[in-house]
Amino acid sequence: NTPSRALWIGNLPPNFTVQQLSAMFSPFGPIESCRILTHKNCGFVNYVREPDSVHARRVMHGRDVGGFHVRIGFARVP
């Protein structure tokens with residue numbers, strides 16, 4: 001899908017926190033916001049810069065997080 005500053009992260013482990021999500025994705029660049037939809041086991045990370053989200057998606061897609069292989073796609077910037 002079309003790159004954007006926003007990432008959708010799917011297949012997160014149950015009880016995964018916003019703090020964990022932020023810690024997992026902050027090494028790739030400054031984050032504008034993070035949120036988790038616990039009932040759907042997914043979250044969103046909005047970066048300040050689009051190249052950071054592109055890099056994060058390339059590195060993190062399919063990674064094992066607590067026994068779950070996360071799926072990552074680009075989302076619309078809120």
# chains A, B, ... in the order shown; residues from 1 in each chain; ligands from 1
>>> select_by_dssp(residues="chain A", states="alpha helix (DSSP H)", output="PyMOL selection string")
chain A and resi 18-25+50-60
>>> write_last_selection(atoms="C-alpha atoms", output="short mmCIF file (atom, residue, chain, number, x, y, z; two decimals), in the first residue's frame")
data_model
loop_
_atom_site.label_atom_id
_atom_site.label_comp_id
_atom_site.auth_asym_id
_atom_site.auth_seq_id
_atom_site.Cartn_x
_atom_site.Cartn_y
_atom_site.Cartn_z
CA VAL A 18 1.07 1.57 24.37
CA GLN A 19 4.37 1.89 26.25
CA GLN A 20 5.61 -1.39 24.76
CA LEU A 21 4.48 -0.34 21.28
CA SER A 22 6.25 3.00 21.61
CA ALA A 23 9.44 1.36 22.88
CA MET A 24 9.38 -1.13 20.01
CA PHE A 25 9.03 1.54 17.29
CA GLU A 50 7.50 9.28 6.48
CA PRO A 51 10.99 7.77 5.83
CA ASP A 52 11.01 6.58 9.46
CA SER A 53 7.73 4.69 9.02
CA VAL A 54 8.98 3.13 5.78
CA HIS A 55 12.15 1.93 7.53
CA ALA A 56 10.22 0.63 10.57
CA ARG A 57 7.82 -1.34 8.38
CA ARG A 58 10.67 -2.87 6.38
CA VAL A 59 12.51 -4.00 9.52
CA MET A 60 9.60 -4.99 11.78
#
>>> residues_around(residues="Ile36 in chain A", least_positions_apart="3", cutoff="10 Å", atoms="only C-alpha atoms", output="ChimeraX atom specification")
/A:8-10,12,15-19,21,39-45
>>> residues_around(residues="Arg5 in chain A", least_positions_apart="3", cutoff="7 Å", atoms="only C-alpha atoms", output="MDAnalysis selection string")
chainID A and resid 46:50 53 77
>>> select_by_dssp(residues="chain A", states="strand (DSSP E or B)", output="number ranges by chain")
A: 6-10, 31-37, 42-47, 64-65, 68-69, 71-75
>>> residues_around(residues="Ser4 in chain A", least_positions_apart="2", cutoff="7 Å", atoms="only C-alpha atoms", output="list of chain:residue names")
A:Thr2, A:Ala6, A:Glu50, A:Phe74, A:Ala75, A:Arg76, A:Val77
>>> write_last_selection(atoms="N, CA and C atoms", output="compact mmCIF listing (two decimals), in the first residue's frame")
# COMPACT_ATOMS: atom_id res chain seq x y z
N THR A 2 0.25 2.40 -0.19
CA THR A 2 0.96 3.67 -0.33
C THR A 2 1.60 4.09 0.99
N ALA A 6 1.99 7.01 8.96
CA ALA A 6 1.22 6.19 9.92
C ALA A 6 1.36 4.71 9.59
N GLU A 50 7.85 10.47 7.25
CA GLU A 50 7.50 9.28 6.48
C GLU A 50 8.66 8.29 6.28
N PHE A 74 0.81 0.39 5.98
CA PHE A 74 0.67 1.84 6.10
C PHE A 74 -0.80 2.17 6.33
N ALA A 75 -1.03 3.20 7.13
CA ALA A 75 -2.39 3.63 7.45
C ALA A 75 -2.55 5.09 7.04
N ARG A 76 -3.78 5.56 7.04
CA ARG A 76 -4.01 6.99 6.80
C ARG A 76 -3.57 7.77 8.01
N VAL A 77 -2.95 8.90 7.76
CA VAL A 77 -2.53 9.77 8.86
C VAL A 77 -3.79 10.43 9.43
>>> decode(residues="range 4-77 of chain A", atoms="C-alpha atoms", output="PDB file, in the first residue's frame")
ATOM      1  CA  SER A   4       2.532   7.305   4.852  1.00  0.00           C
ATOM      2  CA  ARG A   5       3.765   8.496   8.252  1.00  0.00           C
ATOM      3  CA  ALA A   6       1.224   6.192   9.917  1.00  0.00           C
ATOM      4  CA  LEU A   7       1.626   2.454  10.492  1.00  0.00           C
ATOM      5  CA  TRP A   8      -1.005  -0.134  11.329  1.00  0.00           C
ATOM      6  CA  ILE A   9       0.428  -2.974  13.424  1.00  0.00           C
ATOM      7  CA  GLY A  10      -1.655  -6.140  13.487  1.00  0.00           C
ATOM      8  CA  ASN A  11      -1.491  -9.416  15.400  1.00  0.00           C
ATOM      9  CA  LEU A  12      -0.150  -7.854  18.599  1.00  0.00           C
ATOM     10  CA  PRO A  13      -0.080 -10.079  21.689  1.00  0.00           C
ATOM     11  CA  PRO A  14      -3.025  -9.722  24.085  1.00  0.00           C
ATOM     12  CA  ASN A  15      -2.415  -7.145  26.836  1.00  0.00           C
ATOM     13  CA  PHE A  16       0.291  -5.389  24.782  1.00  0.00           C
ATOM     14  CA  THR A  17       0.626  -1.802  26.051  1.00  0.00           C
ATOM     15  CA  VAL A  18       1.069   1.566  24.374  1.00  0.00           C
ATOM     16  CA  GLN A  19       4.366   1.886  26.249  1.00  0.00           C
ATOM     17  CA  GLN A  20       5.607  -1.393  24.756  1.00  0.00           C
ATOM     18  CA  LEU A  21       4.480  -0.337  21.285  1.00  0.00           C
ATOM     19  CA  SER A  22       6.246   3.002  21.605  1.00  0.00           C
ATOM     20  CA  ALA A  23       9.436   1.355  22.882  1.00  0.00           C
ATOM     21  CA  MET A  24       9.378  -1.127  20.008  1.00  0.00           C
ATOM     22  CA  PHE A  25       9.028   1.538  17.292  1.00  0.00           C
ATOM     23  CA  SER A  26      10.826   4.594  18.737  1.00  0.00           C
ATOM     24  CA  PRO A  27      14.309   3.396  17.631  1.00  0.00           C
ATOM     25  CA  PHE A  28      13.269   4.181  14.041  1.00  0.00           C
ATOM     26  CA  GLY A  29      12.561   7.875  14.625  1.00  0.00           C
ATOM     27  CA  PRO A  30      10.462  10.403  16.520  1.00  0.00           C
ATOM     28  CA  ILE A  31       6.873   9.286  17.083  1.00  0.00           C
ATOM     29  CA  GLU A  32       3.971  11.720  17.012  1.00  0.00           C
ATOM     30  CA  SER A  33       1.469   9.314  18.616  1.00  0.00           C
ATOM     31  CA  CYS A  34       0.722   5.658  19.439  1.00  0.00           C
ATOM     32  CA  ARG A  35      -2.483   3.867  20.267  1.00  0.00           C
ATOM     33  CA  ILE A  36      -3.711   0.313  20.696  1.00  0.00           C
ATOM     34  CA  LEU A  37      -7.103  -1.199  19.960  1.00  0.00           C
ATOM     35  CA  THR A  38      -6.979  -4.024  22.500  1.00  0.00           C
ATOM     36  CA  HIS A  39     -10.216  -5.654  21.343  1.00  0.00           C
ATOM     37  CA  LYS A  40      -8.675  -6.076  17.868  1.00  0.00           C
ATOM     38  CA  ASN A  41      -5.073  -6.855  18.921  1.00  0.00           C
ATOM     39  CA  CYS A  42      -3.765  -4.069  16.728  1.00  0.00           C
ATOM     40  CA  GLY A  43      -2.254  -0.641  17.079  1.00  0.00           C
ATOM     41  CA  PHE A  44      -1.193   2.475  15.234  1.00  0.00           C
ATOM     42  CA  VAL A  45       2.100   4.357  15.292  1.00  0.00           C
ATOM     43  CA  ASN A  46       2.300   7.806  13.713  1.00  0.00           C
ATOM     44  CA  TYR A  47       5.793   9.037  12.947  1.00  0.00           C
ATOM     45  CA  VAL A  48       6.857  12.632  12.469  1.00  0.00           C
ATOM     46  CA  ARG A  49       8.611  11.704   9.185  1.00  0.00           C
ATOM     47  CA  GLU A  50       7.501   9.276   6.478  1.00  0.00           C
ATOM     48  CA  PRO A  51      10.989   7.773   5.835  1.00  0.00           C
ATOM     49  CA  ASP A  52      11.009   6.580   9.464  1.00  0.00           C
ATOM     50  CA  SER A  53       7.729   4.692   9.022  1.00  0.00           C
ATOM     51  CA  VAL A  54       8.977   3.126   5.777  1.00  0.00           C
ATOM     52  CA  HIS A  55      12.145   1.926   7.532  1.00  0.00           C
ATOM     53  CA  ALA A  56      10.225   0.633  10.574  1.00  0.00           C
ATOM     54  CA  ARG A  57       7.823  -1.343   8.379  1.00  0.00           C
ATOM     55  CA  ARG A  58      10.666  -2.871   6.376  1.00  0.00           C
ATOM     56  CA  VAL A  59      12.513  -3.997   9.521  1.00  0.00           C
ATOM     57  CA  MET A  60       9.601  -4.995  11.782  1.00  0.00           C
ATOM     58  CA  HIS A  61       7.067  -6.662   9.442  1.00  0.00           C
ATOM     59  CA  GLY A  62       6.761 -10.344  10.342  1.00  0.00           C
ATOM     60  CA  ARG A  63       8.865 -10.060  13.513  1.00  0.00           C
ATOM     61  CA  ASP A  64       8.061 -12.298  16.452  1.00  0.00           C
ATOM     62  CA  VAL A  65       6.664 -10.248  19.328  1.00  0.00           C
ATOM     63  CA  GLY A  66       5.768 -12.364  22.334  1.00  0.00           C
ATOM     64  CA  GLY A  67       5.092 -15.391  20.143  1.00  0.00           C
ATOM     65  CA  PHE A  68       3.005 -13.428  17.620  1.00  0.00           C
ATOM     66  CA  HIS A  69       4.258 -12.515  14.137  1.00  0.00           C
ATOM     67  CA  VAL A  70       3.206  -8.893  13.683  1.00  0.00           C
ATOM     68  CA  ARG A  71       1.834  -7.637  10.399  1.00  0.00           C
ATOM     69  CA  ILE A  72       2.508  -4.027   9.470  1.00  0.00           C
ATOM     70  CA  GLY A  73       0.927  -1.841   6.835  1.00  0.00           C
ATOM     71  CA  PHE A  74       0.668   1.836   6.099  1.00  0.00           C
ATOM     72  CA  ALA A  75      -2.392   3.634   7.449  1.00  0.00           C
ATOM     73  CA  ARG A  76      -4.010   6.987   6.797  1.00  0.00           C
ATOM     74  CA  VAL A  77      -2.532   9.775   8.863  1.00  0.00           C
TER      75      VAL A  77
END
